[in-house]
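What follows is protein.txt (compact mmCIF, C-alpha atoms).
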```
# COMPACT_ATOMS: atom_id res chain seq x y z
CA GLU A 5 171.86 70.14 107.09
CA PRO A 6 171.89 69.56 110.86
CA VAL A 7 173.25 66.27 112.17
CA ASP A 8 172.10 64.79 115.47
CA SER A 9 175.25 62.74 116.12
CA ALA A 10 176.50 63.72 119.57
CA LEU A 11 179.70 61.77 118.90
CA MET A 12 180.53 63.47 115.58
CA ALA A 13 183.85 64.84 116.89
CA ILE A 14 185.01 61.28 117.62
CA GLU A 15 183.93 60.16 114.13
CA ALA A 16 185.77 63.09 112.53
CA ASP A 17 188.97 62.12 114.37
CA GLN A 18 188.60 58.55 113.14
CA TRP A 19 188.09 59.75 109.55
CA ASP A 20 191.28 61.83 109.76
CA LEU A 21 193.23 58.82 111.05
CA ALA A 22 191.87 56.63 108.25
CA ARG A 23 192.59 59.29 105.60
CA ALA A 24 196.23 59.38 106.66
CA HIS A 25 196.44 55.65 105.91
CA ALA A 26 194.41 55.29 102.68
CA PRO A 27 191.85 57.21 100.57
CA VAL A 28 189.18 54.49 100.97
CA LEU A 29 187.69 53.17 104.20
CA LEU A 30 185.79 49.87 104.34
CA THR A 31 183.12 49.78 107.04
CA GLY A 32 181.19 46.99 108.70
CA PHE A 33 177.86 48.76 108.42
CA GLY A 34 175.09 46.42 107.33
CA GLY A 35 176.49 43.27 108.94
CA ASP A 36 173.79 43.26 111.60
CA ALA A 37 171.16 43.82 108.92
CA VAL A 38 172.01 41.14 106.35
CA LEU A 39 173.04 38.62 109.03
CA ARG A 40 170.06 39.30 111.26
CA GLU A 41 169.04 36.06 112.92
CA THR A 42 165.49 34.81 112.62
CA ARG A 43 163.85 35.49 115.93
CA SER A 44 163.43 32.36 118.05
CA ARG A 45 163.87 29.97 115.14
CA LEU A 46 164.00 26.84 117.32
CA ALA A 47 161.04 27.87 119.46
CA ARG A 48 159.01 28.72 116.37
CA LEU A 49 159.76 25.33 114.80
CA ALA A 50 158.93 23.46 118.00
CA MET A 51 155.71 25.40 118.66
CA THR A 52 154.47 24.71 115.12
CA GLY A 53 155.06 20.96 115.35
CA HIS A 54 158.42 20.67 113.54
CA LEU A 55 160.23 19.01 116.44
CA LEU A 56 162.58 16.88 114.33
CA ARG A 57 163.62 19.90 112.27
CA ALA A 58 164.26 21.90 115.46
CA ALA A 59 166.38 19.07 116.88
CA TRP A 60 168.37 18.76 113.64
CA GLU A 61 169.10 22.49 113.46
CA ALA A 62 170.07 22.62 117.15
CA GLY A 63 172.50 19.73 116.65
CA GLU A 64 173.92 21.30 113.50
CA TYR A 65 174.46 24.59 115.31
CA ALA A 66 176.13 22.89 118.29
CA TRP A 67 178.47 20.96 115.98
CA LEU A 68 179.49 24.05 114.00
CA HIS A 69 179.84 26.48 116.90
CA ARG A 70 180.73 24.18 119.80
CA ARG A 71 177.95 25.56 122.00
CA ILE A 72 174.25 24.98 122.60
CA PRO A 73 171.94 27.38 120.70
CA ARG A 74 169.43 29.60 122.46
CA PRO A 75 165.88 28.21 122.09
CA GLY A 76 164.34 31.69 122.31
CA ILE A 77 161.01 30.66 123.84
CA ARG A 78 160.52 33.91 125.77
CA THR A 79 161.46 36.00 122.72
CA TRP A 80 159.04 34.01 120.55
CA ARG A 81 156.19 34.63 122.97
CA ARG A 82 156.99 38.32 123.26
CA THR A 83 157.56 39.14 119.59
CA ARG A 84 155.45 36.73 117.53
CA GLY A 85 153.59 38.58 114.81
CA ALA A 86 155.54 41.81 115.39
CA ARG A 87 157.48 43.68 112.71
CA LEU A 88 161.05 44.63 113.44
CA GLN A 89 160.45 48.16 112.19
CA SER A 90 158.32 50.21 114.56
CA ALA A 91 155.93 52.95 113.56
CA VAL A 92 157.32 56.48 113.36
CA GLU A 93 155.94 58.86 115.98
CA VAL A 94 155.67 62.64 115.93
CA PRO A 95 158.03 64.16 118.54
CA THR A 96 156.19 65.87 121.38
CA TRP A 97 158.63 68.81 121.25
CA LEU A 98 157.67 69.98 117.75
CA ASP A 99 156.03 73.40 117.76
CA GLY A 100 152.29 72.98 117.16
CA ASP A 101 151.94 75.68 114.50
CA PHE A 102 154.97 74.39 112.61
CA ALA A 103 153.66 70.80 112.77
CA ARG A 104 150.32 71.87 111.32
CA ARG A 105 151.92 74.05 108.65
CA VAL A 106 154.00 71.17 107.28
CA ALA A 107 151.21 68.58 107.82
CA ILE A 108 153.50 66.41 109.91
CA GLU A 109 150.72 64.09 111.12
CA GLU A 110 149.69 63.25 107.55
CA ARG A 111 153.32 62.76 106.43
CA VAL A 112 154.08 60.41 109.32
CA ALA A 113 150.88 58.46 108.71
CA ALA A 114 151.82 58.07 105.03
CA GLN A 115 155.29 56.84 105.95
CA ASN A 116 153.91 54.31 108.43
CA ALA A 117 151.41 53.07 105.83
CA ALA A 118 154.21 52.56 103.30
CA MET A 119 156.12 49.96 105.30
CA PRO A 120 157.45 47.30 102.91
CA PRO A 121 155.89 43.83 102.77
CA GLU A 122 157.51 41.06 104.75
CA HIS A 123 160.15 38.89 103.13
CA PRO A 124 158.88 35.29 102.92
CA THR A 125 161.87 33.68 104.67
CA ARG A 126 164.05 36.48 106.12
CA PRO A 127 161.64 39.16 107.39
CA GLU A 128 163.98 40.42 110.12
CA ALA A 129 166.89 40.96 107.75
CA TYR A 130 164.71 42.57 105.08
CA ASP A 131 163.13 44.99 107.55
CA GLN A 132 166.60 46.06 108.64
CA LEU A 133 167.89 46.48 105.08
CA VAL A 134 165.05 48.79 103.97
CA ALA A 135 165.14 50.94 107.11
CA PRO A 136 165.39 54.72 106.44
CA LEU A 137 168.60 54.90 108.49
CA TRP A 138 170.87 53.79 105.66
CA PRO A 139 170.36 56.56 103.04
CA TYR A 140 170.87 59.11 105.81
CA LEU A 141 174.01 57.36 107.07
CA PHE A 142 175.52 57.03 103.59
CA ALA A 143 174.83 60.69 102.81
CA TYR A 144 176.42 62.15 105.92
CA GLN A 145 179.56 60.01 105.50
CA ASP A 146 180.10 61.18 101.94
CA PRO A 147 183.23 63.34 101.42
CA GLY A 148 181.00 66.12 100.05
CA PHE A 149 179.33 66.29 103.45
CA THR A 150 182.21 65.57 105.83
CA GLY A 151 184.79 67.71 104.05
CA VAL A 152 187.30 64.89 104.60
CA PRO A 153 188.82 63.38 101.41
CA LEU A 154 187.94 59.84 102.43
CA GLU A 155 185.60 57.58 100.48
CA GLN A 156 183.67 55.21 102.72
CA ARG A 157 182.43 51.95 101.21
CA HIS A 158 180.13 49.37 102.77
CA PRO A 159 180.82 45.80 101.52
CA PHE A 160 177.83 44.29 103.33
CA PHE A 161 175.54 46.36 101.10
CA ASP A 162 176.95 44.92 97.87
CA VAL A 163 173.77 43.98 96.00
CA ARG A 164 175.19 40.59 95.01
CA LEU A 165 175.96 39.74 98.65
CA VAL A 166 172.55 40.96 99.83
CA ARG A 167 170.76 38.81 97.24
CA PHE A 168 172.75 35.76 98.26
CA LEU A 169 172.18 36.22 101.99
CA LEU A 170 168.44 36.75 101.55
CA SER A 171 168.29 33.51 99.55
CA VAL A 172 169.88 31.35 102.27
CA PRO A 173 167.23 29.53 104.39
CA PRO A 174 166.96 30.95 107.92
CA ALA A 175 167.86 27.87 110.02
CA GLN A 176 170.57 28.50 112.62
CA TRP A 177 173.08 29.96 110.16
CA TYR A 178 172.45 33.48 111.34
CA ASN A 179 172.57 33.15 115.11
CA ASP A 180 175.71 34.86 116.43
CA LYS A 181 176.81 35.64 112.84
CA GLY A 182 177.07 31.88 112.28
CA LEU A 183 177.20 31.99 108.49
CA LEU A 184 180.04 34.51 108.50
CA ARG A 185 182.00 32.49 111.05
CA VAL A 186 181.64 29.29 109.02
CA GLY A 187 182.54 31.07 105.77
CA MET A 188 185.70 32.52 107.29
CA LYS A 189 186.90 29.21 108.74
CA GLY A 190 190.53 28.72 107.72
CA LEU A 191 190.81 32.38 106.67
CA LEU A 192 190.66 33.99 110.12
CA PRO A 193 192.25 32.78 113.37
CA ASP A 194 190.02 30.63 115.59
CA PRO A 195 190.07 33.16 118.48
CA VAL A 196 188.54 35.70 116.10
CA LEU A 197 185.93 33.26 114.81
CA ARG A 198 184.98 32.15 118.34
CA ARG A 199 184.89 35.62 119.83
CA PRO A 200 181.37 36.61 120.91
CA LYS A 201 180.00 39.93 119.78
CA SER A 202 180.77 42.50 122.48
CA PRO A 203 178.51 45.56 122.50
CA LEU A 204 179.32 48.69 124.47
CA PRO A 205 178.88 48.15 128.22
CA GLY A 206 176.66 51.23 128.37
CA ASP A 207 175.49 54.43 126.69
CA PRO A 208 178.51 56.80 126.42
CA LEU A 209 176.20 59.84 126.57
CA LEU A 210 174.56 58.59 129.75
CA ALA A 211 177.99 57.88 131.24
CA ARG A 212 179.09 61.46 130.55
CA HIS A 213 175.87 62.86 132.01
CA GLU A 214 176.29 60.77 135.14
CA ARG A 215 179.88 61.98 135.46
CA ASP A 216 179.35 65.70 134.83
CA GLY A 217 175.72 66.20 135.92
CA ASP A 218 174.03 69.37 134.65
CA ALA A 219 177.37 70.63 133.25
CA TRP A 220 177.61 67.77 130.76
CA LEU A 221 176.66 69.97 127.77
CA GLY A 222 179.08 72.76 128.63
CA GLY A 223 176.29 75.28 129.14
CA ARG A 224 174.66 74.73 125.72
CA THR A 225 170.92 75.36 125.68
CA LEU A 226 168.17 75.89 123.12
CA GLY A 227 168.24 79.41 121.66
CA PRO A 228 165.41 81.60 120.33
CA GLU A 229 166.32 80.69 116.74
CA VAL A 230 164.78 77.23 117.22
CA GLU A 231 161.44 78.34 118.66
CA ALA A 232 159.80 78.52 115.21
CA TYR A 233 160.17 74.74 115.04
CA VAL A 234 160.52 73.46 118.60
CA ASP A 235 158.65 74.08 121.84
CA PRO A 236 161.46 74.43 124.46
CA ALA A 237 158.97 73.70 127.26
CA GLN A 238 158.60 70.17 125.86
CA VAL A 239 162.37 69.56 125.74
CA SER A 240 164.02 68.27 128.91
CA ARG A 241 166.36 70.56 130.86
CA THR A 242 168.82 67.67 130.73
CA VAL A 243 169.36 68.42 127.02
CA GLY A 244 169.13 72.22 127.05
CA GLY A 245 165.35 72.73 127.14
CA ARG A 246 162.99 73.96 129.84
CA GLY A 247 160.91 70.86 130.52
CA PRO A 248 161.15 68.06 133.09
CA ALA A 249 163.43 65.05 132.74
CA ASP A 250 162.56 62.56 130.02
CA ASP A 251 163.12 58.80 129.95
CA ALA A 252 163.85 58.68 126.21
CA PRO A 253 167.43 57.85 125.11
CA LEU A 254 169.68 60.91 125.31
CA TRP A 255 170.77 60.65 121.67
CA THR A 256 167.17 61.19 120.54
CA GLN A 257 166.54 63.96 123.08
CA LEU A 258 169.53 65.92 121.76
CA ARG A 259 167.95 66.50 118.33
CA PRO A 260 166.34 69.87 119.22
CA LEU A 261 169.66 71.13 120.63
CA ALA A 262 171.50 69.95 117.50
CA LEU A 263 169.03 71.93 115.37
CA SER A 264 169.39 74.99 117.58
CA LEU A 265 173.19 74.94 117.40
CA TRP A 266 173.08 74.46 113.63
CA LEU A 267 170.69 77.37 113.12
CA ARG A 268 172.93 79.75 115.05
CA SER A 269 176.07 78.67 113.19
CA PRO A 270 177.33 80.93 110.34
CA GLY A 271 177.25 78.10 107.80
CA SER A 272 173.49 77.60 108.13
CA LYS A 273 172.57 81.10 106.90
```
Go through the file and emit its structure as structure tokens.
Amino acid sequence: EPVDSALMAIEADQWDLARAHAPVLLTGFGGDAVLRETRSRLARLAMTGHLLRAAWEAGEYAWLHRRIPRPGIRTWRRTRGARLQSAVEVPTWLDGDFARRVAIEERVAAQNAAMPPEHPTRPEAYDQLVAPLWPYLFAYQDPGFTGVPLEQRHPFFDVRLVRFLLSVPPAQWYNDKGLLRVGMKGLLPDPVLRRPKSPLPGDPLLARHERDGDAWLGGRTLGPEVEAYVDPAQVSRTVGGRGPADDAPLWTQLRPLALSLWLRSPGSK
């Protein structure tokens, strides 16, 4: 099936390097999900009248982590009552006849209506754990899909660990992976335990586009084979279509091109 990962070549190189070392690769996928902090815990406690509890948790966090916790007042105001999972939307670039033929509106509505109930104490973590991303991710990393004899395992999705983490009260244990840092004390060096999480400084796809301009895709464009499913006029020229520029993230805009390239490849026939 087509894969919309624009960085798949990098992943394949990493799999080959790992395979040369061992037949099994342990990943860190799921750490952000099971250790998801409760949004604005201190602000939520304070705003609901639990000032002493908020002060206790703030002091406990400062003692364990040697820094003052974030109160999260602005985040609390902005996100109170909101689910972490957002509703699925029908892409504007889908061909109208195809969308009607497969009843895409009804299917998306059914999926949005089937969102799981909130977890009583860890709603953010639970929403992340039941997201549809994970079955897809596990499937496309399987050796039967990649063709690389490397078994990838995900310790953070061990059912026993998930059950334990969902049973721990929210408090401040989850901010900045606090529970993991405390649990690893004495097992990992202090510089590792104190190191803040460092995300990428920017979108690598956007950086390449800014560097290479219109040549960033090497001349790849949507072909006629995709027109039964995609309206090229609704796909930005930036990602091989015929439409105007789009503000959506590039990795989502590249999905029509990924489908087009897959359909014209010999293996898809």
Exercise. What does the distance between CA of Glu15 in chain A and CA of Lys181 in chain A come to in Å, to one decimal place?
Worked result: 25.6 Å
Write out, as a Markdown table, each residue of range 115-234 of chain A that has an atom at most 10 Å from range 102-105 of chain A, together with the closest pair of atoms and their distance in Å to one decimal, counting all atoms listed in the file, rows going by chain and rising number.
```
| residue | atom | partner | partner_atom | distance |
| --- | --- | --- | --- | --- |
| A:Glu231 | CA | A:Phe102 | CA | 9.7 |
| A:Ala232 | CA | A:Phe102 | CA | 6.9 |
| A:Tyr233 | CA | A:Phe102 | CA | 5.8 |
| A:Val234 | CA | A:Phe102 | CA | 8.2 |
```
Problem set entry | Spatial neighbours of range 210-219 of chain A, 10 Å, only C-alpha atoms, chain gap at least 3 places, as a list of chain:residue names | A:Gly206, A:Asp207, A:Gly222, A:Gly223, A:Arg224, A:Arg241, A:Thr242, A:Val243, A:Gly244, A:Pro253, A:Leu254, A:Trp255
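CA of Pro200 in chain A is found 27.6 Å from CA of Ala10 in chain A.
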Problem set entry | Nearest-residue call for Glu128 in chain A, choices A:Asp235, A:Thr150, A:Leu49, A:Arg40, using all atoms listed in the file | A:Arg40
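For the pair CA of Ala129 in chain A and CA of Ala16 in chain A, the interatomic distance is 29.5 Å.
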Problem set entry | Residue among A:Ser171, A:Val28, A:Ala59, A:Gln238 lying closest to Asp250 in chain A, counting only C-alpha atoms | A:Gln238
For this session: With all atoms listed in the file counted, which protein, DNA or RNA residues have an atom no more than 12 Å from (170.9, 71.9, 111.7) in the file frame? Please answer as an MDAnalysis selection string.
Result: chainID A and resid 5:9 229:230 233 258:273
Serialized selection, C-alpha atoms, as a PDB file, keeping the file's coordinate frame:
```pdb
ATOM      1  CA  GLU A   5     171.860  70.140 107.090  1.00  0.00           C
ATOM      2  CA  PRO A   6     171.890  69.560 110.860  1.00  0.00           C
ATOM      3  CA  VAL A   7     173.250  66.270 112.170  1.00  0.00           C
ATOM      4  CA  ASP A   8     172.100  64.790 115.470  1.00  0.00           C
ATOM      5  CA  SER A   9     175.250  62.740 116.120  1.00  0.00           C
ATOM      6  CA  GLU A 229     166.320  80.690 116.740  1.00  0.00           C
ATOM      7  CA  VAL A 230     164.780  77.230 117.220  1.00  0.00           C
ATOM      8  CA  TYR A 233     160.170  74.740 115.040  1.00  0.00           C
ATOM      9  CA  LEU A 258     169.530  65.920 121.760  1.00  0.00           C
ATOM     10  CA  ARG A 259     167.950  66.500 118.330  1.00  0.00           C
ATOM     11  CA  PRO A 260     166.340  69.870 119.220  1.00  0.00           C
ATOM     12  CA  LEU A 261     169.660  71.130 120.630  1.00  0.00           C
ATOM     13  CA  ALA A 262     171.500  69.950 117.500  1.00  0.00           C
ATOM     14  CA  LEU A 263     169.030  71.930 115.370  1.00  0.00           C
ATOM     15  CA  SER A 264     169.390  74.990 117.580  1.00  0.00           C
ATOM     16  CA  LEU A 265     173.190  74.940 117.400  1.00  0.00           C
ATOM     17  CA  TRP A 266     173.080  74.460 113.630  1.00  0.00           C
ATOM     18  CA  LEU A 267     170.690  77.370 113.120  1.00  0.00           C
ATOM     19  CA  ARG A 268     172.930  79.750 115.050  1.00  0.00           C
ATOM     20  CA  SER A 269     176.070  78.670 113.190  1.00  0.00           C
ATOM     21  CA  PRO A 270     177.330  80.930 110.340  1.00  0.00           C
ATOM     22  CA  GLY A 271     177.250  78.100 107.800  1.00  0.00           C
ATOM     23  CA  SER A 272     173.490  77.600 108.130  1.00  0.00           C
ATOM     24  CA  LYS A 273     172.570  81.100 106.900  1.00  0.00           C
TER      25      LYS A 273
END
```
